[in-house]
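Trainee: This one is my_file23.cif, mmCIF, C-alpha atoms.
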```
data_target
#
loop_
_atom_site.label_atom_id
_atom_site.label_comp_id
_atom_site.auth_asym_id
_atom_site.auth_seq_id
_atom_site.Cartn_x
_atom_site.Cartn_y
_atom_site.Cartn_z
CA MET P 1 138.34 136.91 91.53
CA VAL P 2 134.82 136.47 90.13
CA GLU P 3 132.18 137.79 92.54
CA ARG P 4 129.71 135.29 94.01
CA LYS P 5 126.12 135.77 92.87
CA LEU P 6 122.76 135.11 94.47
CA ASN P 7 122.13 131.47 93.59
CA PHE P 8 118.44 130.48 93.72
CA SER P 9 119.13 127.02 92.34
CA ALA P 10 116.79 124.19 93.33
CA GLY P 11 119.84 121.99 93.93
CA PRO P 12 122.72 121.81 94.28
CA SER P 13 121.92 124.96 96.16
CA GLN P 14 123.68 127.93 97.67
CA MET P 15 125.51 127.12 100.89
CA PRO P 16 126.26 129.57 103.71
CA LEU P 17 129.49 131.44 103.02
CA GLU P 18 130.61 130.77 106.59
CA VAL P 19 130.45 127.01 105.97
CA LEU P 20 132.25 127.23 102.63
CA LYS P 21 135.07 129.24 104.19
CA GLU P 22 135.45 126.74 107.01
CA MET P 23 135.67 123.94 104.45
CA GLN P 24 138.16 126.00 102.46
CA ASP P 25 140.37 126.43 105.51
CA GLU P 26 140.44 122.67 106.04
CA PHE P 27 140.60 121.67 102.40
CA LEU P 28 144.32 120.96 102.10
CA CYS P 29 144.67 119.43 105.54
CA TYR P 30 141.95 118.40 107.97
CA LYS P 31 143.07 119.27 111.50
CA GLU P 32 146.15 117.17 112.39
CA SER P 33 145.40 114.35 109.93
CA GLY P 34 148.10 115.36 107.47
CA CYS P 35 145.75 115.14 104.47
CA SER P 36 142.59 116.49 102.93
CA VAL P 37 139.26 114.77 103.66
CA LEU P 38 139.25 114.04 99.92
CA GLU P 39 142.32 111.84 100.47
CA MET P 40 141.32 110.36 103.80
CA SER P 41 140.57 106.69 104.35
CA HIS P 42 137.03 106.07 105.53
CA ARG P 43 138.57 103.66 108.06
CA ALA P 44 140.75 106.38 109.57
CA LYS P 45 140.05 107.60 113.10
CA ASP P 46 139.68 111.15 111.78
CA PHE P 47 136.91 110.12 109.40
CA GLU P 48 135.13 108.17 112.12
CA GLU P 49 135.10 111.43 114.05
CA ILE P 50 133.56 113.14 111.01
CA ILE P 51 130.83 110.62 110.21
CA PHE P 52 129.80 109.85 113.79
CA GLY P 53 129.89 113.53 114.66
CA ALA P 54 127.64 114.32 111.69
CA ARG P 55 125.23 111.57 112.70
CA ASP P 56 125.05 112.74 116.33
CA THR P 57 124.54 116.38 115.36
CA LEU P 58 121.73 115.47 112.95
CA ARG P 59 120.05 113.45 115.69
CA ARG P 60 120.15 116.49 117.98
CA ILE P 61 118.91 119.12 115.53
CA MET P 62 116.07 116.95 114.20
CA GLU P 63 115.31 115.46 117.64
CA ILE P 64 115.49 111.96 116.17
CA PRO P 65 114.45 109.32 118.73
CA GLU P 66 116.82 106.49 119.59
CA ASP P 67 114.54 103.91 117.98
CA TYR P 68 115.43 105.38 114.58
CA GLU P 69 118.63 104.62 112.67
CA ILE P 70 120.42 107.31 110.64
CA LEU P 71 122.06 106.12 107.44
CA PHE P 72 124.32 107.95 104.99
CA MET P 73 123.68 106.47 101.55
CA GLN P 74 125.02 106.93 98.04
CA GLY P 75 122.93 107.50 94.93
CA GLY P 76 120.89 110.47 96.06
CA ALA P 77 117.17 110.35 96.77
CA THR P 78 116.51 108.70 93.41
CA THR P 79 118.12 105.45 94.53
CA GLN P 80 115.73 105.47 97.48
CA PHE P 81 112.83 105.20 95.04
CA SER P 82 114.01 101.60 94.55
CA MET P 83 115.43 100.87 98.00
CA VAL P 84 112.20 101.65 99.85
CA PRO P 85 110.05 98.95 98.19
CA MET P 86 112.96 96.48 98.08
CA ASN P 87 113.46 96.74 101.86
CA LEU P 88 109.90 97.25 103.08
CA ALA P 89 108.05 94.78 100.84
CA LYS P 90 108.35 91.54 98.93
CA GLN P 91 108.09 91.33 95.15
CA GLY P 92 104.45 91.56 94.14
CA ASP P 93 103.27 93.23 97.35
CA THR P 94 101.03 96.29 97.27
CA PHE P 95 102.15 99.77 98.28
CA THR P 96 100.47 103.18 98.01
CA TYR P 97 101.76 106.38 96.41
CA VAL P 98 100.43 109.93 96.33
CA ASN P 99 101.28 111.64 93.05
CA THR P 100 102.08 115.30 93.64
CA GLY P 101 104.69 115.90 90.96
CA GLN P 102 107.52 114.62 88.83
CA PHE P 103 109.59 113.06 91.60
CA ALA P 104 106.55 111.50 93.26
CA GLY P 105 105.74 109.96 89.88
CA LYS P 106 109.28 108.66 89.45
CA ALA P 107 109.15 107.08 92.90
CA LYS P 108 105.92 105.32 91.94
CA ASP P 109 107.42 104.10 88.65
CA GLU P 110 110.34 102.52 90.50
CA GLY P 111 107.97 100.96 93.00
CA ALA P 112 106.02 99.45 90.11
CA ARG P 113 109.14 97.53 89.08
CA TRP P 114 108.97 95.69 92.41
CA GLY P 115 105.29 95.26 93.11
CA ASN P 116 101.77 96.63 92.84
CA ALA P 117 102.24 100.40 93.12
CA VAL P 118 98.82 101.98 93.60
CA VAL P 119 98.18 105.73 93.28
CA THR P 120 95.23 106.63 95.51
CA ALA P 121 95.44 110.42 95.16
CA SER P 122 96.91 112.80 92.60
CA SER P 123 97.03 116.51 91.83
CA LYS P 124 97.97 116.00 88.19
CA ASP P 125 94.57 117.34 87.09
CA LYS P 126 95.67 120.87 88.03
CA THR P 127 99.35 120.64 87.10
CA PHE P 128 100.31 119.58 90.63
CA SER P 129 99.34 122.96 92.06
CA TYR P 130 97.90 121.51 95.28
CA ILE P 131 98.19 118.61 97.74
CA PRO P 132 95.21 116.22 97.52
CA ASP P 133 92.71 116.58 100.35
CA GLU P 134 91.47 113.00 100.27
CA ILE P 135 94.30 110.50 100.68
CA THR P 136 93.57 106.84 101.31
CA VAL P 137 95.70 103.73 101.69
CA ALA P 138 95.24 100.88 99.22
CA PRO P 139 94.16 97.65 100.99
CA GLY P 140 97.09 95.48 102.06
CA SER P 141 99.70 98.17 101.45
CA LYS P 142 103.10 97.59 103.03
CA PHE P 143 103.68 101.35 103.11
CA ILE P 144 102.37 104.66 101.79
CA HIS P 145 104.82 107.03 100.10
CA ILE P 146 104.60 110.81 99.85
CA THR P 147 106.92 113.49 98.49
CA GLY P 148 106.87 116.03 101.33
CA ASN P 149 107.99 119.09 99.36
CA ASN P 150 107.62 119.28 95.60
CA THR P 151 110.59 121.24 94.31
CA ILE P 152 109.34 121.79 90.76
CA TYR P 153 105.80 122.89 91.56
CA GLY P 154 106.31 124.68 94.88
CA THR P 155 103.87 122.65 96.97
CA SER P 156 104.34 121.06 100.38
CA TYR P 157 102.52 118.87 102.89
CA ASN P 158 101.82 121.42 105.61
CA SER P 159 99.72 118.89 107.54
CA LEU P 160 99.48 115.11 107.52
CA PHE P 161 96.61 112.69 107.02
CA ASP P 162 95.37 109.53 108.72
CA HIS P 163 97.26 106.51 107.37
CA GLY P 164 96.32 104.12 110.13
CA ASP P 165 98.93 101.48 110.92
CA THR P 166 100.44 101.55 107.44
CA PRO P 167 104.07 102.74 107.59
CA LEU P 168 104.50 106.28 106.24
CA VAL P 169 107.49 106.93 103.99
CA ALA P 170 108.41 110.46 102.94
CA ASP P 171 110.88 112.04 100.56
CA TRP P 172 111.69 115.33 102.31
CA SER P 173 114.70 116.20 100.10
CA SER P 174 113.88 119.83 99.44
CA ALA P 175 112.65 120.88 102.89
CA ILE P 176 114.60 118.85 105.44
CA LEU P 177 116.42 121.12 107.95
CA GLY P 178 114.60 124.15 106.51
CA LYS P 179 111.18 123.16 107.85
CA TRP P 180 110.37 121.43 111.11
CA ILE P 181 109.58 117.76 110.52
CA ASP P 182 108.43 115.64 113.45
CA VAL P 183 110.33 112.43 112.81
CA LYS P 184 107.93 110.47 115.06
CA ASP P 185 105.17 111.00 112.47
CA TYR P 186 107.07 108.85 109.96
CA ASP P 187 108.45 105.36 109.71
CA LEU P 188 111.06 106.29 107.11
CA ILE P 189 112.31 109.65 105.88
CA TYR P 190 114.87 110.09 103.12
CA ALA P 191 116.44 113.15 101.57
CA GLY P 192 119.01 114.07 98.98
CA ALA P 193 121.64 116.31 100.55
CA GLN P 194 121.96 118.94 97.85
CA LYS P 195 119.25 121.32 99.12
CA ASN P 196 119.84 122.09 102.80
CA MET P 197 122.48 119.51 103.76
CA GLY P 198 125.40 120.30 101.48
CA PRO P 199 126.65 119.08 98.10
CA SER P 200 125.25 116.25 96.01
CA GLY P 201 126.35 112.62 96.20
CA LEU P 202 124.66 111.79 99.49
CA ALA P 203 121.23 110.76 100.72
CA VAL P 204 120.26 110.61 104.37
CA VAL P 205 117.82 107.90 105.49
CA ILE P 206 116.09 108.05 108.87
CA ILE P 207 114.39 104.71 109.48
CA LYS P 208 112.64 103.03 112.39
CA LYS P 209 114.87 100.26 113.66
CA ASN P 210 112.09 97.68 113.61
CA LEU P 211 111.89 98.04 109.82
CA LEU P 212 115.51 96.90 109.58
CA GLU P 213 114.42 93.48 110.81
CA LEU P 214 112.02 92.85 107.93
CA GLU P 215 112.97 89.87 105.78
CA VAL P 216 114.45 91.11 102.51
CA ASP P 217 114.11 89.22 99.25
CA PRO P 218 117.37 87.35 98.47
CA VAL P 219 117.51 89.00 95.05
CA VAL P 220 118.08 92.45 96.61
CA PRO P 221 121.76 93.44 96.13
CA VAL P 222 123.79 93.81 99.30
CA MET P 223 124.40 97.52 98.65
CA MET P 224 120.63 98.09 98.45
CA ARG P 225 119.91 96.74 101.95
CA TYR P 226 119.28 99.16 104.80
CA LYS P 227 120.31 96.62 107.43
CA VAL P 228 123.70 96.14 105.80
CA ALA P 229 124.23 99.89 105.91
CA ALA P 230 123.08 100.06 109.53
CA ASP P 231 125.21 97.14 110.67
CA ASN P 232 128.28 98.74 109.10
CA ASP P 233 127.74 102.35 110.27
CA SER P 234 127.06 103.41 106.64
CA MET P 235 130.55 102.20 105.71
CA TYR P 236 130.02 98.76 104.18
CA ASN P 237 132.02 100.18 101.29
CA THR P 238 133.71 103.54 100.81
CA PRO P 239 130.98 106.12 101.45
CA PRO P 240 130.81 109.59 99.83
CA THR P 241 133.33 110.88 102.36
CA TYR P 242 133.54 114.53 101.35
CA SER P 243 129.76 114.91 101.01
CA ILE P 244 129.36 113.48 104.54
CA TYR P 245 132.04 115.86 105.82
CA ALA P 246 130.24 118.82 104.19
CA ALA P 247 126.88 117.67 105.54
CA GLY P 248 128.39 117.53 109.03
CA LYS P 249 129.50 121.14 108.64
CA MET P 250 125.98 122.10 107.59
CA PHE P 251 124.43 120.25 110.54
CA SER P 252 126.73 122.12 112.94
CA TRP P 253 125.83 125.42 111.26
CA VAL P 254 122.12 124.68 111.67
CA GLU P 255 122.72 123.99 115.36
CA LYS P 256 124.71 127.22 115.71
CA MET P 257 121.84 129.14 114.08
CA GLY P 258 119.43 127.93 116.74
CA GLY P 259 118.27 124.69 115.16
CA VAL P 260 115.67 123.69 112.60
CA ARG P 261 112.79 125.48 114.31
CA ALA P 262 114.68 128.79 114.27
CA LEU P 263 115.61 128.41 110.60
CA GLU P 264 112.01 127.53 109.74
CA GLU P 265 110.90 130.90 111.11
CA ILE P 266 113.50 132.67 108.99
CA ASN P 267 112.45 130.69 105.92
CA LYS P 268 108.79 131.53 106.55
CA GLU P 269 109.71 135.22 106.63
CA LYS P 270 111.62 134.90 103.36
CA ALA P 271 108.75 133.08 101.67
CA GLU P 272 106.10 135.49 102.97
CA MET P 273 108.03 138.44 101.55
CA LEU P 274 107.69 136.94 98.08
CA TYR P 275 104.17 135.55 98.40
CA ASP P 276 102.82 138.83 99.81
CA PHE P 277 104.18 140.75 96.84
CA ILE P 278 103.06 138.18 94.27
CA ASP P 279 99.52 137.99 95.70
CA ASN P 280 99.14 141.75 95.31
CA SER P 281 100.93 142.02 91.99
CA ALA P 282 99.27 142.95 88.71
CA LEU P 283 102.00 141.15 86.77
CA PHE P 284 103.38 138.18 88.74
CA THR P 285 101.24 135.21 89.76
CA ASN P 286 101.68 132.06 91.84
CA PRO P 287 99.62 129.01 90.79
CA VAL P 288 99.76 127.06 94.09
CA ARG P 289 96.79 126.75 96.44
CA VAL P 290 97.64 128.97 99.41
CA LYS P 291 97.46 126.32 102.14
CA ASP P 292 99.80 124.02 100.19
CA ARG P 293 102.54 126.52 99.41
CA SER P 294 106.16 125.62 100.01
CA ILE P 295 108.44 127.87 102.05
CA MET P 296 111.44 126.39 100.23
CA ASN P 297 110.51 126.73 96.55
CA VAL P 298 108.46 129.77 95.52
CA THR P 299 107.20 129.48 91.94
CA PHE P 300 105.79 132.39 89.95
CA THR P 301 104.91 133.28 86.38
CA LEU P 302 104.54 136.25 84.07
CA PRO P 303 101.83 136.71 81.41
CA ASP P 304 103.95 135.70 78.40
CA GLU P 305 107.32 134.35 77.28
CA ALA P 306 108.62 137.76 76.20
CA LEU P 307 108.16 139.20 79.69
CA THR P 308 109.60 136.04 81.23
CA LYS P 309 112.75 136.32 79.12
CA ALA P 310 113.06 140.03 79.89
CA PHE P 311 112.75 139.37 83.62
CA LEU P 312 115.34 136.60 83.54
CA ASP P 313 117.71 138.94 81.69
CA GLU P 314 117.10 141.59 84.35
CA CYS P 315 117.88 139.09 87.09
CA LYS P 316 121.12 138.14 85.40
CA MET P 317 122.19 141.77 85.34
CA LYS P 318 121.42 142.07 89.05
CA GLY P 319 123.57 139.05 89.91
CA ILE P 320 120.62 136.70 90.42
CA ILE P 321 121.20 133.26 88.91
CA ASN P 322 119.30 129.97 88.52
CA ILE P 323 115.90 131.63 88.93
CA LYS P 324 114.39 130.05 85.81
CA GLY P 325 111.60 127.55 86.49
CA HIS P 326 111.88 123.85 85.70
CA ARG P 327 111.70 123.12 81.99
CA SER P 328 108.47 121.15 82.46
CA VAL P 329 106.51 124.13 83.84
CA GLY P 330 108.44 127.25 82.80
CA GLY P 331 108.16 130.55 84.62
CA MET P 332 110.40 131.24 87.59
CA ARG P 333 111.33 129.44 90.78
CA ALA P 334 113.10 130.95 93.75
CA SER P 335 114.57 128.20 95.89
CA ILE P 336 115.18 129.90 99.22
CA TYR P 337 116.91 127.20 101.22
CA ASN P 338 118.82 127.82 104.45
CA GLY P 339 121.87 129.08 102.58
CA MET P 340 119.95 131.97 100.98
CA PRO P 341 120.00 134.97 103.35
CA LYS P 342 117.06 137.35 103.72
CA GLU P 343 119.13 140.03 102.02
CA GLY P 344 119.25 137.88 98.89
CA VAL P 345 115.47 137.50 98.89
CA LYS P 346 115.12 141.27 99.34
CA THR P 347 117.32 141.82 96.27
CA LEU P 348 115.07 139.50 94.25
CA LEU P 349 111.97 141.23 95.59
CA ASP P 350 113.33 144.68 94.68
CA THR P 351 114.08 143.39 91.19
CA MET P 352 110.51 142.09 90.84
CA LYS P 353 109.05 145.40 92.05
CA GLU P 354 111.18 147.41 89.66
CA PHE P 355 110.32 145.10 86.76
CA GLU P 356 106.60 145.43 87.44
CA LYS P 357 106.87 149.21 87.66
CA ASN P 358 108.61 149.34 84.28
CA ASN P 359 106.30 146.87 82.53
CA ARG P 360 102.78 147.84 83.51
#
```
The structure given in the file should be rewritten as structure tokens.

Mentor:
Amino acid sequence: MVERKLNFSAGPSQMPLEVLKEMQDEFLCYKESGCSVLEMSHRAKDFEEIIFGARDTLRRIMEIPEDYEILFMQGGATTQFSMVPMNLAKQGDTFTYVNTGQFAGKAKDEGARWGNAVVTASSKDKTFSYIPDEITVAPGSKFIHITGNNTIYGTSYNSLFDHGDTPLVADWSSAILGKWIDVKDYDLIYAGAQKNMGPSGLAVVIIKKNLLELEVDPVVPVMMRYKVAADNDSMYNTPPTYSIYAAGKMFSWVEKMGGVRALEEINKEKAEMLYDFIDNSALFTNPVRVKDRSIMNVTFTLPDEALTKAFLDECKMKGIINIKGHRSVGGMRASIYNGMPKEGVKTLLDTMKEFEKNNR
């Protein structure tokens, strides 16, 4: 059997071995159902237990108030780039975006297909290495959209700004469940599952129930309507059943580990181990402004491509995979989601220390 390696992928990411083994045990036959979840009807009582159980556990671990609906959606976070403006605004309306990276830009581009998408703040001038300090809302905006954690660049909103009465929408894909997020600060949160929630194929939407009552343009397809999803318990059609099952396992694991707040402390420790070394290194550097650093995605660079290649080769020999930075920025990126144990980060850190010692 091939040995598992330390997977620092930005997503789909490494999952806790305990969760994978539990899923393995149930793979051929889920409890007394007589079939695998892969074969199970989404109308079956057993699947209702799975999806409603996942929803209730997520509500507990994120302390989601009862005036918010939880939806399990297909299409990943990218589909939400379109669904948000289609459900919260009419064609031609104005909405505000903050551009802090590639995915924030893609969200804005999709919004621009529907209405007047206005960017009021951007960190593009410094290769998205910080979160803008001055963020305003364009007049008449139906919502303001932020990307809470920027996977590619390693930045994160570590505090919020005054947005008045304008609904705040946030893509928290790469930090949800790994960093405490006060749901009450937002009107809509969405997240792709493949970072801290399980495998790909699923997006979770947490939306204030009053937003479900907004009048939606008749041109919006039925599958793109939040209210349709809410009214049908996220099962208007066949949902991504296995991804929901896996997410439920992850939610239960988070609860078992002490909840989101407990995991945030662990993730802070993991991130600080790397940042402390990088900040005192003569070889490795991190380009992100300190107060805007992510605890989920730690980016770092070396002085030239030759050293970068040599380091990546060294990582491969040490059983460290998917550490290469995004193709648009290069360098390295350690995605240290909930599924990456501290021991794995220590192995990476030891590899970095040894590499620096040998390449001074």

Trainee: Select all residues near (123.7, 116.9, 118.3) (cut-off 12 Å, inclusive, file coordinates), counting all atoms listed in the file, and output them as number ranges by chain.

Mentor: P: 52-65, 248, 251-256, 258-260

Trainee: For stretch 145-151 of chain P, work out the shell of residues within 6 Å, counting all atoms listed in the file and skipping chain neighbours fewer than 2 positions away, then give it as a list of chain:residue names.

Mentor: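 So, after excluding close chain neighbours, the residues are P:Tyr97, P:Val98, P:Ala104, P:Tyr153, P:Gly154, P:Thr155, P:Ser156, P:Tyr157, P:Val169, P:Ala170, P:Asp171, P:Trp172, P:Ser174, P:Asn297.
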
Trainee: Given the file shown, determine the residues that the PyMOL selection byres ((chain P and resi 112-118) around 8) selects; report them as a PyMOL selection string.

Mentor: chain P and resi 85-86+90-97+108-111+119-120+138

Trainee: Could you save the residues just selected, with C-alpha atoms, as a PDB file, keeping the file's coordinate frame?

Mentor:
```pdb
ATOM      1  CA  PRO P  85     110.050  98.950  98.190  1.00  0.00           C
ATOM      2  CA  MET P  86     112.960  96.480  98.080  1.00  0.00           C
ATOM      3  CA  LYS P  90     108.350  91.540  98.930  1.00  0.00           C
ATOM      4  CA  GLN P  91     108.090  91.330  95.150  1.00  0.00           C
ATOM      5  CA  GLY P  92     104.450  91.560  94.140  1.00  0.00           C
ATOM      6  CA  ASP P  93     103.270  93.230  97.350  1.00  0.00           C
ATOM      7  CA  THR P  94     101.030  96.290  97.270  1.00  0.00           C
ATOM      8  CA  PHE P  95     102.150  99.770  98.280  1.00  0.00           C
ATOM      9  CA  THR P  96     100.470 103.180  98.010  1.00  0.00           C
ATOM     10  CA  TYR P  97     101.760 106.380  96.410  1.00  0.00           C
ATOM     11  CA  LYS P 108     105.920 105.320  91.940  1.00  0.00           C
ATOM     12  CA  ASP P 109     107.420 104.100  88.650  1.00  0.00           C
ATOM     13  CA  GLU P 110     110.340 102.520  90.500  1.00  0.00           C
ATOM     14  CA  GLY P 111     107.970 100.960  93.000  1.00  0.00           C
ATOM     15  CA  VAL P 119      98.180 105.730  93.280  1.00  0.00           C
ATOM     16  CA  THR P 120      95.230 106.630  95.510  1.00  0.00           C
ATOM     17  CA  ALA P 138      95.240 100.880  99.220  1.00  0.00           C
TER      18      ALA P 138
END
```

Trainee: Given the file above and the PyMOL selection byres ((chain P and resi 204) around 6), which residues are selected, and can you give them as a ChimeraX atom specification?

Mentor: /P:71-72,190-191,203,205

Trainee: Mind telling me what the PyMOL selection byres ((chain P and resi 266-279) around 9) catches here, as a ChimeraX atom specification?

Mentor: /P:178-179,261-265,280-286,294-298,300,336-338,341-342,345-346,348-349,352-353

Trainee: For atom CA of P:Leu38 and atom CA of P:Met340, determine how far apart the two atoms are, in Å to one decimal place.

Mentor: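 Computing the Euclidean distance for atom CA of P:Leu38 and atom CA of P:Met340 yields 26.4 Å.
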
Trainee: For P:Phe8, which residue among P:Lys318, P:Arg333, P:Arg43, P:Lys142 is the nearest when counting all atoms listed in the file?

Mentor: P:Arg333

Trainee: Quick one: pull the distance between atom CA of P:Pro239 and atom CA of P:Gln74, Å, one decimal.

Mentor: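 About the pair atom CA of P:Pro239 and atom CA of P:Gln74: they are 6.9 Å apart.
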
Trainee: At a cut-off of 7 Å, using all atoms listed in the file, what residues contact P:His42? Leave out same-chain residues fewer than 4 positions from it and give the result as a ChimeraX atom specification.

Mentor: /P:47,238,241

Trainee: How about saving the chosen residues, C-alpha atoms kept, as a short mmCIF file (atom, residue, chain, number, x, y, z; two decimals), in the coordinates of the input?

Mentor:
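What landed in again-v3.cif:
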```
data_model
loop_
_atom_site.label_atom_id
_atom_site.label_comp_id
_atom_site.auth_asym_id
_atom_site.auth_seq_id
_atom_site.Cartn_x
_atom_site.Cartn_y
_atom_site.Cartn_z
CA PHE P 47 136.91 110.12 109.40
CA THR P 238 133.71 103.54 100.81
CA THR P 241 133.33 110.88 102.36
#
```

Trainee: Mind pulling up the distance from atom CA of P:Leu312 to atom CA of P:Ala77?

Mentor: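 About the pair atom CA of P:Ala77 and atom CA of P:Leu312: they are 29.5 Å apart.
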
Trainee: Of the candidates P:Ile181, P:Met23, P:Ile70, P:Ala175, which one gets nearest to P:Ala229 if we count all atoms listed in the file?

Mentor: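 Of all the options, P:Ile70 lies closest to P:Ala229.
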
Trainee: Around (121.8, 125.8, 96.7) in the file's own coordinates, what residues are found within 10 Å if you use all atoms listed in the file, given back as a PyMOL selection string?

Mentor: chain P and resi 6-16+194-199+322+335-340

Trainee: If you count only C-alpha atoms, which residues fall within 10 Å of P:Tyr130, apart from same-chain ones fewer than 4 positions away, as a PyMOL selection string?

Mentor: chain P and resi 100-101+122-126+150+153-157+287-293

Trainee: What's around P:Val228 at 12 Å? Count all atoms listed in the file, leave out sequence neighbours fewer than 5 positions away in its own chain, and write the answer as a PyMOL selection string.

Mentor: chain P and resi 71-73+87+212-213+216+220-223+233-237

Trainee: As a PDB file with C-alpha atoms, keeping the file's coordinate frame, please: the residues near P:Asn358 (cut-off 12 Å, all atoms listed in the file, same-chain neighbours under 3 positions excluded).

Mentor:
```
ATOM      1  CA  LEU P 283     102.000 141.150  86.770  1.00  0.00           C
ATOM      2  CA  LEU P 307     108.160 139.200  79.690  1.00  0.00           C
ATOM      3  CA  ALA P 310     113.060 140.030  79.890  1.00  0.00           C
ATOM      4  CA  PHE P 311     112.750 139.370  83.620  1.00  0.00           C
ATOM      5  CA  GLU P 314     117.100 141.590  84.350  1.00  0.00           C
ATOM      6  CA  THR P 351     114.080 143.390  91.190  1.00  0.00           C
ATOM      7  CA  MET P 352     110.510 142.090  90.840  1.00  0.00           C
ATOM      8  CA  LYS P 353     109.050 145.400  92.050  1.00  0.00           C
ATOM      9  CA  GLU P 354     111.180 147.410  89.660  1.00  0.00           C
ATOM     10  CA  PHE P 355     110.320 145.100  86.760  1.00  0.00           C
TER      11      PHE P 355
END
```

Trainee: Output requested as a short mmCIF file (atom, residue, chain, number, x, y, z; two decimals), in the coordinates of the input - stretch 135-149 of chain P, filled out with N, CA and C atoms.

Mentor:
```cif
data_model
loop_
_atom_site.label_atom_id
_atom_site.label_comp_id
_atom_site.auth_asym_id
_atom_site.auth_seq_id
_atom_site.Cartn_x
_atom_site.Cartn_y
_atom_site.Cartn_z
N ILE P 135 93.23 111.48 100.90
CA ILE P 135 94.30 110.50 100.68
C ILE P 135 93.94 109.22 101.43
N THR P 136 93.89 108.13 100.70
CA THR P 136 93.57 106.84 101.31
C THR P 136 94.72 105.86 101.07
N VAL P 137 94.69 104.77 101.81
CA VAL P 137 95.70 103.73 101.69
C VAL P 137 95.08 102.53 100.99
N ALA P 138 95.73 102.05 99.94
CA ALA P 138 95.24 100.88 99.22
C ALA P 138 95.25 99.67 100.16
N PRO P 139 94.23 98.82 100.11
CA PRO P 139 94.16 97.65 100.99
C PRO P 139 95.41 96.77 100.88
N GLY P 140 95.93 96.37 102.04
CA GLY P 140 97.09 95.48 102.06
C GLY P 140 98.42 96.14 101.80
N SER P 141 98.45 97.47 101.76
CA SER P 141 99.70 98.17 101.45
C SER P 141 100.75 97.96 102.53
N LYS P 142 101.98 97.73 102.11
CA LYS P 142 103.10 97.59 103.03
C LYS P 142 103.61 98.95 103.49
N PHE P 143 103.33 99.99 102.71
CA PHE P 143 103.68 101.35 103.11
C PHE P 143 102.92 102.32 102.22
N ILE P 144 102.86 103.58 102.64
CA ILE P 144 102.37 104.66 101.79
C ILE P 144 103.47 105.69 101.65
N HIS P 145 103.70 106.14 100.43
CA HIS P 145 104.82 107.03 100.10
C HIS P 145 104.31 108.41 99.67
N ILE P 146 104.89 109.44 100.27
CA ILE P 146 104.60 110.81 99.85
C ILE P 146 105.90 111.55 99.55
N THR P 147 105.81 112.57 98.73
CA THR P 147 106.92 113.49 98.49
C THR P 147 106.59 114.77 99.25
N GLY P 148 107.26 114.99 100.38
CA GLY P 148 106.87 116.03 101.33
C GLY P 148 106.86 117.42 100.75
N ASN P 149 107.88 117.76 99.97
CA ASN P 149 107.99 119.09 99.36
C ASN P 149 108.30 118.89 97.88
#
```
